[in-house]
Amino acid sequence: MKATLLLASLAIAAVASAAGQTYLEETFSDSNWEDRWTTSSSRDDLGKFALSSGGFHADKDYNQGLQTTEDHRFYSISTPFSEVADNSKEDLIVQYTVKQEIAQECGGSYVKLLPEGFDAKTFNGDSEYAIMFGPDVCGPDNRIHVIFNYKGKNYLTKKTHPVPRDNKTHLYRLTVHPDQKYSLTVDGDVVSDHVAIEEHWDIYAPRTIPDPNETKPEDWVDAKEILDPEHVKPENYDDVPQYIPDPEAVQPEDWDVEADGDWEAPEIPNPDFEQWTPKFIPNPEYIGEWEAKEIANPDFKEDSELTHYKIGGLGLDLWQVKGGSIFDDVIVTSDAEVADKYLNNWKENAVKEKEIVAALDAQKEKELAAKREEAAAAGNEIEKKYAEEEEDLDEEETKAEPETVKEEVVEEAVPEPVTETEPEVAEPVTETKPEAAEPEVSEPEVVEPEVVEPEVVEPEVVEPEVAEEEVKEATPEAVVVEEVKETAPEAVKEEAKESTEEKAQHDEL
């Protein structure tokens, strides 16, 4: 289909050559495109181009274009014109389409018109060009570039034209008029129409400037507002501080005055303080902003050759984070009818493409809805299973509760015999010699103060035999065991027990 259109357009151009000249008409309709385009050898890691109709298309043959195939790559390729283009006397129209099936994160999809005699092998980002035109996207920043070269310097338009952000094919057209004006359309919609280049580019110096010899009169009033004379600050306003020490703050106990200095309470907003702001009113004597009179700028020089070029070819010099851009129907001509023919073809294709994209979006939404339902069902199943497992655990815990309580009761009952083992130590002693235990309980009066007192204070007064018998009667073995049992640790208690038993056996012998 493209080949037919190409032959038809060439026939029309031959018959109506007076209408204009076509310098480039590239549709990438055949596999011989590499014979017409030259990849730069300026670097070894340039990205590769390939013919592709993309992942979706209205007509596979018609939508075939030149696609960038790699991510994070520079691309540099160019093709010469059939003859050198001279736009000094007629319009120069640059038009092409780009489809971004994969959203461009940061990269350009613009074309460069190259000067007569350019070197295709060394073509790169530093090579001189006449015009750069097309979309450029990087993060939130996106604009359609229109850059003109003038006397070796590149001038970017001050006007920002946004780039369409979707995955459909879009058509861009720039027309440079010989009267130093330009027009821009996107998808056939006019963005700028015969706008003076000096209006959107700072190529020229300003035509006029303020008269440097003129000064503002001394009585000129250019203050739009003045203070309201009736709005006066309260008399005691300055006496009320905005901040006061926090009355509830307390010096920390560990505050070291010598090391930290005198402690001061932190400040808090003063509840009695009211912010006062002076009011302004329109100045009744305001005249307006003073501006010096404009005079002709002696540095302004209009150049009748501005944006007039002799162009020898077109190139793609790009950096793309995401590959996949498809360039197609690249036209450079002075004949608006040739450009309009491709515009009309694009419009027909756009209607079909829109329907395809809508169907694909609907299918994706349907698939996403199915996945969401599947995920929700899986989630419900997991929740159900979790609830069942939780119920099973609760039942197991309920069944295990009596045994657990029983074990706890047994564990609590175990220490009780241990606490009563201490009295059992003294019982054998009491049973071995009951007569020794009786004096402690039934005859406490046997232990007379005067008998004990000679033992501690005056041992020489008490006869050894008498003191020994009385002490023996006054301190029976049961008493000793009880005293040791109350005050000594277990090892000492055991030792005391054994000592008492030995003593009792000794006494019996």
# chains A, B, ... in the order shown; residues from 1 in each chain; ligands from 1
>>> residues_around(residues="Val351 of chain A", least_positions_apart="3", cutoff="12 Å", atoms="only C-alpha atoms", output="ChimeraX atom specification")
/A:57-59,168-170,187,344-348,354-358
>>> residues_around(residues="segment 321-329 of chain A", least_positions_apart="6", cutoff="7 Å", atoms="only C-alpha atoms", output="list in words")
Glu25, Glu26, Thr27, Phe28, Gly65, Leu66, Gln67, Thr68, Thr69, Glu70, Asp71, His72, Arg73, Tyr96, Thr97, Val98, Lys99, Gln100, Glu101, Ile102, Gln104, Glu105, Cys106 and Gly107 of chain A
>>> write_last_selection(atoms="C-alpha atoms", output="mmCIF file, in the first residue's frame")
data_model
loop_
_atom_site.group_PDB
_atom_site.id
_atom_site.type_symbol
_atom_site.label_atom_id
_atom_site.label_comp_id
_atom_site.auth_asym_id
_atom_site.auth_seq_id
_atom_site.Cartn_x
_atom_site.Cartn_y
_atom_site.Cartn_z
ATOM 1 C CA GLU A 25 9.644 11.131 1.175
ATOM 2 C CA GLU A 26 10.520 8.129 3.319
ATOM 3 C CA THR A 27 7.825 5.576 4.183
ATOM 4 C CA PHE A 28 10.077 2.599 5.123
ATOM 5 C CA GLY A 65 8.322 2.262 10.246
ATOM 6 C CA LEU A 66 11.857 2.619 11.587
ATOM 7 C CA GLN A 67 12.022 1.564 15.235
ATOM 8 C CA THR A 68 14.645 2.072 17.934
ATOM 9 C CA THR A 69 15.230 -1.395 19.406
ATOM 10 C CA GLU A 70 17.427 -0.956 22.495
ATOM 11 C CA ASP A 71 17.176 0.803 25.849
ATOM 12 C CA HIS A 72 19.732 3.256 27.195
ATOM 13 C CA ARG A 73 21.298 3.952 23.824
ATOM 14 C CA TYR A 96 6.723 12.883 10.208
ATOM 15 C CA THR A 97 4.936 10.521 12.598
ATOM 16 C CA VAL A 98 6.103 8.911 15.839
ATOM 17 C CA LYS A 99 4.466 6.152 17.835
ATOM 18 C CA GLN A 100 5.609 5.615 21.420
ATOM 19 C CA GLU A 101 4.168 2.214 22.301
ATOM 20 C CA ILE A 102 6.417 2.153 25.349
ATOM 21 C CA GLN A 104 9.429 7.257 27.031
ATOM 22 C CA GLU A 105 11.059 7.906 30.404
ATOM 23 C CA CYS A 106 13.743 10.246 29.111
ATOM 24 C CA GLY A 107 14.590 10.605 25.476
#
>>> residues_around(residues="Asp202 of chain A", least_positions_apart="6", cutoff="10 Å", atoms="only C-alpha atoms", output="PyMOL selection string")
chain A and resi 155-158
>>> write_last_selection(atoms="N, CA and C atoms", output="PDB file, in the first residue's frame")
ATOM      1  N   TYR A 155      19.192  28.371  18.783  1.00  0.00           N
ATOM      2  CA  TYR A 155      18.211  29.135  19.560  1.00  0.00           C
ATOM      3  C   TYR A 155      16.948  28.295  19.752  1.00  0.00           C
ATOM      4  N   LEU A 156      16.611  28.022  21.010  1.00  0.00           N
ATOM      5  CA  LEU A 156      15.421  27.247  21.355  1.00  0.00           C
ATOM      6  C   LEU A 156      14.239  28.195  21.521  1.00  0.00           C
ATOM      7  N   THR A 157      13.080  27.772  21.030  1.00  0.00           N
ATOM      8  CA  THR A 157      11.882  28.593  21.158  1.00  0.00           C
ATOM      9  C   THR A 157      11.526  28.850  22.620  1.00  0.00           C
ATOM     10  N   LYS A 158      11.022  30.039  22.884  1.00  0.00           N
ATOM     11  CA  LYS A 158      10.567  30.392  24.222  1.00  0.00           C
ATOM     12  C   LYS A 158       9.168  29.843  24.490  1.00  0.00           C
TER      13      LYS A 158
END
>>> select_by_dssp(residues="segment 229-274 of chain A", states="alpha helix (DSSP H)", output="PyMOL selection string")
chain A and resi 257-260
>>> write_last_selection(atoms="C-alpha atoms", output="compact mmCIF listing (two decimals), in the first residue's frame")
# COMPACT_ATOMS: atom_id res chain seq x y z
CA VAL A 257 25.22 25.55 87.38
CA GLU A 258 29.00 25.55 87.21
CA ALA A 259 29.06 23.32 84.13
CA ASP A 260 25.80 24.34 82.45
>>> residues_around(residues="Thr38 of chain A", least_positions_apart="6", cutoff="9 Å", atoms="only C-alpha atoms", output="list in words")
Ser76, Ile77, Ser78, Thr79, Ala120 and Lys121 of chain A
>>> residues_around(residues="segment 207-219 of chain A", least_positions_apart="4", cutoff="8 Å", atoms="only C-alpha atoms", output="number ranges by chain")
A: 290-297, 300
>>> atom_distance(atom1="atom CA of Ser109 of chain A", atom2="atom CA of Phe123 of chain A")
16.6 Å
>>> select_by_dssp(residues="segment 275-386 of chain A", states="strand (DSSP E or B)", output="ChimeraX atom specification")
/A:280-282,294-296,310-320,325-333
>>> residues_around(residues="Trp201 of chain A", least_positions_apart="5", cutoff="12 Å", atoms="only C-alpha atoms", output="PyMOL selection string")
chain A and resi 146-150+154-160+180-182+195-196+206+306-307
>>> closest_residue(among="A:Asp91, A:Glu305, A:Glu267, A:Asp299", to="Gln242 of chain A", atoms="only C-alpha atoms")
A:Glu267
>>> atom_distance(atom1="atom CA of Leu24 of chain A", atom2="atom CA of Leu114 of chain A")
12.6 Å
>>> closest_residue(among="A:Glu116, A:Asp239, A:Asp166, A:Glu389", to="Val84 of chain A", atoms="only C-alpha atoms")
A:Glu116
